[in-house]
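What follows is a set of notes on a single structure, which appears directly below.
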Amino acid sequence: MRKYLIVTITVLSILFSCKNEDKTTVDKTKKAMDYASLVYPHLDTENSRWFFFSSACRPFGMVNLSPDNEIDGAWGSGYRYKTDTIKGFSHIHGWQISGVSVMPVTLSDANTKTVFKDFYSKFSHDNETVTPGYHSLKLQRYDIKTELTSTTRVGFHKYTFPENTKNAVLFNLNTILGPSDNAQGELRQISDTEFAGSVVATPTHRRPQEFKVFFRVSLDIPVTELQKDEATGNYLMHFKDLENPLLMKVAISYTSEENANLNLKTELPHWDFEAVVKDSKDHWNSLLSRIKVEGNTEKQQRRFYTDLWHALQGRRIINDVNGAYPDNTGGKFKIGQLPLDASGKPKFNHYNSDALWGAQWTLNTLWGLAYPDIYEEFAMSFLQYYKDGGLVPRGPSGGNYTYVMTGTPATPFFVSAIQKGILKENIEAIYNALKKNHVEGGIMEKAGYEHKTNIGGGLDFYMEKGFVPHPNPKGKFGGHQDGAGLTLEYAYQDWVLAQLALKLNKTEDYEYFLKRSKNYGKLLNDEGWMQAKNVDGKMQVDYSPYTYEEGFIESNGAQSTWFVPHDYDGLAELMGGKDKAVNKLNTQFEQAEQLNFTSGTSHASELHPEYRKIPINYGNQPSIQTAFIFNKLGRPDLTHYWSRQVASKVFGGLAPSTGYNGDEDQGLMGSLAVLIKIGLFQVNGGTEENPEYQIGSPIFDKVTIQLHPEYYSGKTLEIQSVDNSSSNVFIKEASFNNEDLPKFNVSHKSLTNGGVLKLEMTGTK
């Protein structure tokens, strides 16, 4: 018998008037549910990458403080659950940036001369506590209890040293940390408790310019000596007679030491460590509480809030409290300035972000429904890049373009926000900015990480021939130059831009981009699979749709055949009708189920090549919409069935060894898991007029979403699943506010007006 955990609480009251995290306030007069305590931060940490795990941080915080036990490389580094050695506590775990690693130590005659190089320490999970905004563990080598928390821009450390020891804090400023080397580290003493410094994050092939991190350090106990080691360039702060725990603040800035100090003084003027821990928990709860789930098991509720936690971090703020930010979009570094409101605070935050590749099926829907305030300021940040550098980015790092992944995924991100009424001003200007990426000189021309040329994206071939050839006959210019995958992506994004052109009565543009959106049909072969063409328009002989990256980006032809989010009716017609399309896709799901719907981690797919041949992969972005395609093809029962299977087998685990079974790109897969579990999805990314949601099979009896009053007229959206269980996965009847929904879809305007989506569940089709 399934154990139900019914959460009966008074939901945290949130004052939604904020447009960024600095203004989030909480009504503390009401008893609040501690959603943060349900989060399981160790999820999938055996397989994590540099920016995957950030424990002692705020939502989207500039500081994302956490321990590191693997530091070499962007992949397989940061916090790795099975590695038992702590190598430092660093403050930045971002997309292509890292920095400011520190380590408390005790000194003796044996290590005084070696401590600059030999300072790592074992630890045990038995002496570790991790919750959102707080991380504590004991360094076994030194018997030091370490505790970490933070504000948005300031890391706060608490170190309890053993009695009768010589104590110090090492600043390991010249070391590899994740994606890049930290070099040219400097630390300067201002007083016996105040220090300032900087470190350079050296260039990577994704972020070609160096990136400087400034920091300011404040301690509650005087430093007796600051020692520099010439061989390593690192520093050691010595302390005397520590009878109480040492408290240390480390504020960062990407613009100047002065702004690092301003961040420190503004955000953390006091020394109450426990108050910051509590405030951080309140901050997390204010966002996590926007979606309340009831029913199912405690384990599944914990997994849900862990998924939601992932959806609200990863992409990091890069501006100071005064709105200053690093602008590296030009040839030289300069300090940019965000617009300020009447009180002198930034109107929005500026962000560092991995690609929006796949966001049309994740962030567009989740943020658009429950977090429109975050959605709006994130869009405004991307427009700031356009104002500075002339292009809306795919995934910026360090205030610069990285050209990560392919196409122009910002187009559906923006158009969805416009269609949902989140962005209401300057739509004409936004259209022009987006259109620039779809023509010569825009970001579609660039392959992944193509910094100095505009050839690898094959846009010239696409505009001339209607497809991008594979291989590109002009050569190799970047990453992901997979012609068939590029063609499919461009066709979808062209359709999305056409919807905005239609909204603005740009008839000529609408017809032009709508025609380009049909280019996907040029790649469908006689067997009904998408297949790459060479420059002469010929398809290869002996083609297998299960061969990985045979013209497709991080996928195979079987997965990418369904990358036509804008026209499944047209795709089905080309395949011979909806029945044939449904049977084809259903067979792929039956085959993929044998491999649990994922290709697994990169390590797993290398050991077991059959995983890369999987026909549907929920471990990476290219085919994560597929369960909801059935609904578009007239078979909602198969959407209900397969989405529930994916929720269980891919996103049901709660352990360090499992969680996302692939690549969790800064909250994308966490967002996907949330959407599947609440039973709402948007196959085309919510980009048509009055966007439509496809209804899936929720895993909870009741879901309550708080609707933001500054954006939507409704107060709450409630999803009731009557007679829900692990076997009752099919929806017999669906209604919204007592109006039947026979096609199992519902509009965005209806949902955000508030009300009850009622689903009668059954065990049979």
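Labeling convention for the structure tokens: chains A, B, ... as they appear, residues from 1 per chain, ligands from 1 in order of appearance.
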Skip region 120-122 of chain A itself and residues of its chain fewer than 2 positions away, then list as a ChimeraX atom specification all residues within 8 Å of it, counting only C-alpha atoms.
-> /A:84-88,118,124,139-142
Hey, can you spit out that residue selection with N, CA, C and O atoms as an mmCIF file, in the first residue's frame?
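Listed below is the output, result-v8.cif:
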data_model
loop_
_atom_site.group_PDB
_atom_site.id
_atom_site.type_symbol
_atom_site.label_atom_id
_atom_site.label_comp_id
_atom_site.auth_asym_id
_atom_site.auth_seq_id
_atom_site.Cartn_x
_atom_site.Cartn_y
_atom_site.Cartn_z
ATOM 1 N N ASP A 84 36.583 11.135 -0.982
ATOM 2 C CA ASP A 84 36.576 11.375 0.468
ATOM 3 C C ASP A 84 37.548 12.455 0.919
ATOM 4 O O ASP A 84 37.851 12.566 2.106
ATOM 5 N N THR A 85 38.036 13.277 -0.009
ATOM 6 C CA THR A 85 39.045 14.273 0.324
ATOM 7 C C THR A 85 38.585 15.664 -0.072
ATOM 8 O O THR A 85 38.204 15.903 -1.220
ATOM 9 N N ILE A 86 38.622 16.582 0.891
ATOM 10 C CA ILE A 86 38.277 17.981 0.625
ATOM 11 C C ILE A 86 39.538 18.722 0.189
ATOM 12 O O ILE A 86 40.575 18.669 0.851
ATOM 13 N N LYS A 87 39.427 19.438 -0.934
ATOM 14 C CA LYS A 87 40.571 20.166 -1.480
ATOM 15 C C LYS A 87 40.405 21.681 -1.364
ATOM 16 O O LYS A 87 41.238 22.431 -1.876
ATOM 17 N N GLY A 88 39.330 22.097 -0.730
ATOM 18 C CA GLY A 88 39.110 23.518 -0.534
ATOM 19 C C GLY A 88 37.633 23.849 -0.586
ATOM 20 O O GLY A 88 36.795 23.018 -0.951
ATOM 21 N N ASP A 118 50.509 20.845 0.656
ATOM 22 C CA ASP A 118 49.935 19.636 1.252
ATOM 23 C C ASP A 118 48.935 20.045 2.340
ATOM 24 O O ASP A 118 49.278 20.150 3.512
ATOM 25 N N SER A 124 34.144 12.644 6.281
ATOM 26 C CA SER A 124 33.162 11.566 6.250
ATOM 27 C C SER A 124 31.760 12.158 6.145
ATOM 28 O O SER A 124 31.456 13.177 6.771
ATOM 29 N N LEU A 139 36.713 18.450 8.926
ATOM 30 C CA LEU A 139 37.970 18.092 8.288
ATOM 31 C C LEU A 139 38.729 17.173 9.234
ATOM 32 O O LEU A 139 39.205 17.606 10.297
ATOM 33 N N GLN A 140 38.816 15.906 8.869
ATOM 34 C CA GLN A 140 39.374 14.915 9.790
ATOM 35 C C GLN A 140 40.851 15.146 10.074
ATOM 36 O O GLN A 140 41.329 14.901 11.187
ATOM 37 N N ARG A 141 41.568 15.615 9.094
ATOM 38 C CA ARG A 141 43.005 15.823 9.280
ATOM 39 C C ARG A 141 43.295 16.856 10.363
ATOM 40 O O ARG A 141 44.283 16.735 11.100
ATOM 41 N N TYR A 142 42.429 17.855 10.462
ATOM 42 C CA TYR A 142 42.665 18.962 11.390
ATOM 43 C C TYR A 142 41.682 18.992 12.552
ATOM 44 O O TYR A 142 41.824 19.828 13.448
#
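Excluding region 509-513 of chain A and any residue on its chain fewer than 6 positions from it, the residues at most 8 Å away by only C-alpha atoms are A:Asp494, A:Trp495, A:Leu497, A:Ala498, A:Gln499, A:Ala501, A:Leu502.
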Output N, CA and C atoms for every residue in that selection, as a tab-separated table (two decimals), in the first residue's frame.
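And here's out-v6.tsv as it stands now:
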chain	number	residue	atom	x	y	z
A	494	ASP	N	12.82	29.24	-36.67
A	494	ASP	CA	12.22	30.10	-37.69
A	494	ASP	C	10.70	30.18	-37.52
A	495	TRP	N	10.08	29.04	-37.23
A	495	TRP	CA	8.62	29.04	-37.01
A	495	TRP	C	8.26	29.92	-35.81
A	497	LEU	N	9.97	32.50	-34.62
A	497	LEU	CA	10.10	33.90	-34.98
A	497	LEU	C	8.94	34.35	-35.85
A	498	ALA	N	8.45	33.45	-36.70
A	498	ALA	CA	7.29	33.76	-37.55
A	498	ALA	C	6.06	34.09	-36.70
A	499	GLN	N	5.91	33.43	-35.57
A	499	GLN	CA	4.75	33.71	-34.70
A	499	GLN	C	4.81	35.12	-34.15
A	501	ALA	N	6.41	37.61	-35.69
A	501	ALA	CA	6.18	38.46	-36.85
A	501	ALA	C	4.68	38.60	-37.11
A	502	LEU	N	3.95	37.51	-36.97
A	502	LEU	CA	2.50	37.52	-37.15
A	502	LEU	C	1.84	38.43	-36.12
Compile the contact shell of region 71-78 of chain A as a ChimeraX atom specification: residues with an atom at most 7 Å away, counting only C-alpha atoms, same-chain residues fewer than 5 positions apart removed.
-> /A:47-50,176-179
Give me every alpha helix (DSSP H) residue in region 484-700 of chain A, going by DSSP on the backbone, as an MDAnalysis selection string.
-> chainID A and resid 484:503 507:516 557:560 568:575 578:593 602:607 629:632 636:649 668:678
Contacts between region 206-228 of chain A and region 426-525 of chain A, please, where a residue of region 426-525 of chain A counts if it comes within 9 Å (with only C-alpha atoms); show its shortest atom pair and distance in Å to one decimal, rows by chain and ascending number, as a tab-separated table.
residue	atom	partner	partner_atom	distance
A:Gly448	CA	A:Arg206	CA	8.5
A:Tyr449	CA	A:Arg206	CA	5.4
A:Glu450	CA	A:Arg206	CA	8.6
A:His451	CA	A:Pro208	CA	7.9
Per-residue nearest contacts region 73-188 of chain A to region 257-264 of chain A, cut-off 10 Å, using only C-alpha atoms, as a tab-separated table:
residue	atom	partner	partner_atom	distance
A:Thr151	CA	A:Leu264	CA	9.2
A:Thr152	CA	A:Asn263	CA	9.0
A:Arg153	CA	A:Asn263	CA	6.4
A:Val154	CA	A:Leu264	CA	6.1
A:Gly155	CA	A:Leu264	CA	9.2
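Interatomic distance, CA of Gln621 (chain A) against CA of Leu595 (chain A): 16.9 Å.
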Residues at most 12 Å from Phe730 (chain A), counting only C-alpha atoms, excluding those fewer than 6 positions away in the same chain, as a list in words?
-> Arg635, Pro636, Asp637, Leu638, Thr639, His640, Tyr641, Trp642, Ser643, Arg644, Gln645, Gly679, Ile695, Gly696, Ser697, Pro698, Ile699, Ser721, Val722, Asp723, Asn724, Phe744, Leu759, Glu760, Met761, Thr762, Gly763, Thr764 and Lys765 of chain A
Check region 57-89 of chain A with DSSP on the backbone and list each residue it calls strand (DSSP E), as a PyMOL selection string.
-> chain A and resi 57+64-68+85-86+88-89
Do a neighbour search on Ala370 (chain A) at 8 Å with only C-alpha atoms, toss out local chain neighbours closer than 5 positions, and write the hits as a ChimeraX atom specification.
-> /A:290-291,705-708
Neighbours of Lys420 (chain A) within 12 Å (only C-alpha atoms; same-chain residues fewer than 5 positions away dropped), as a ChimeraX atom specification?
-> /A:364-365,367-369,372,375-376,412-415,685-693,711-712,747-753
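For the residues A:Gly358, A:His238, A:Gly61, A:Thr160, ranking by smallest atom-to-atom distance to Val321 (chain A) using only C-alpha atoms places A:Gly61 first.
Residue neighbourhood of Gln666 (chain A), excluding near-sequence residues (fewer than 3 positions): Phe51, Phe52, Phe53, Gly94, Trp95, His310, Ala311, Leu312, Gln313, Gly314, Arg315, Arg316, Ser353, Asp354, Ala355, Leu356, Asp663, Met669, Gly670 and Ser671 of chain A, at 10 Å, using only C-alpha atoms.
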For CA of Phe89 (chain A) and CA of Met103 (chain A), determine how far apart the two atoms are, in Å to one decimal place.
->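 Rounded to one decimal, the two atoms are 6.2 Å apart.
Going from CA of Lys281 (chain A) over to CA of Tyr79 (chain A), you cover 21.0 Å.
With only C-alpha atoms as the atoms that count, the minimum distance from Asn349 (chain A) to the choices A:Asn322, A:Arg516, A:Glu445, A:Asn328 is reached by A:Asn322.
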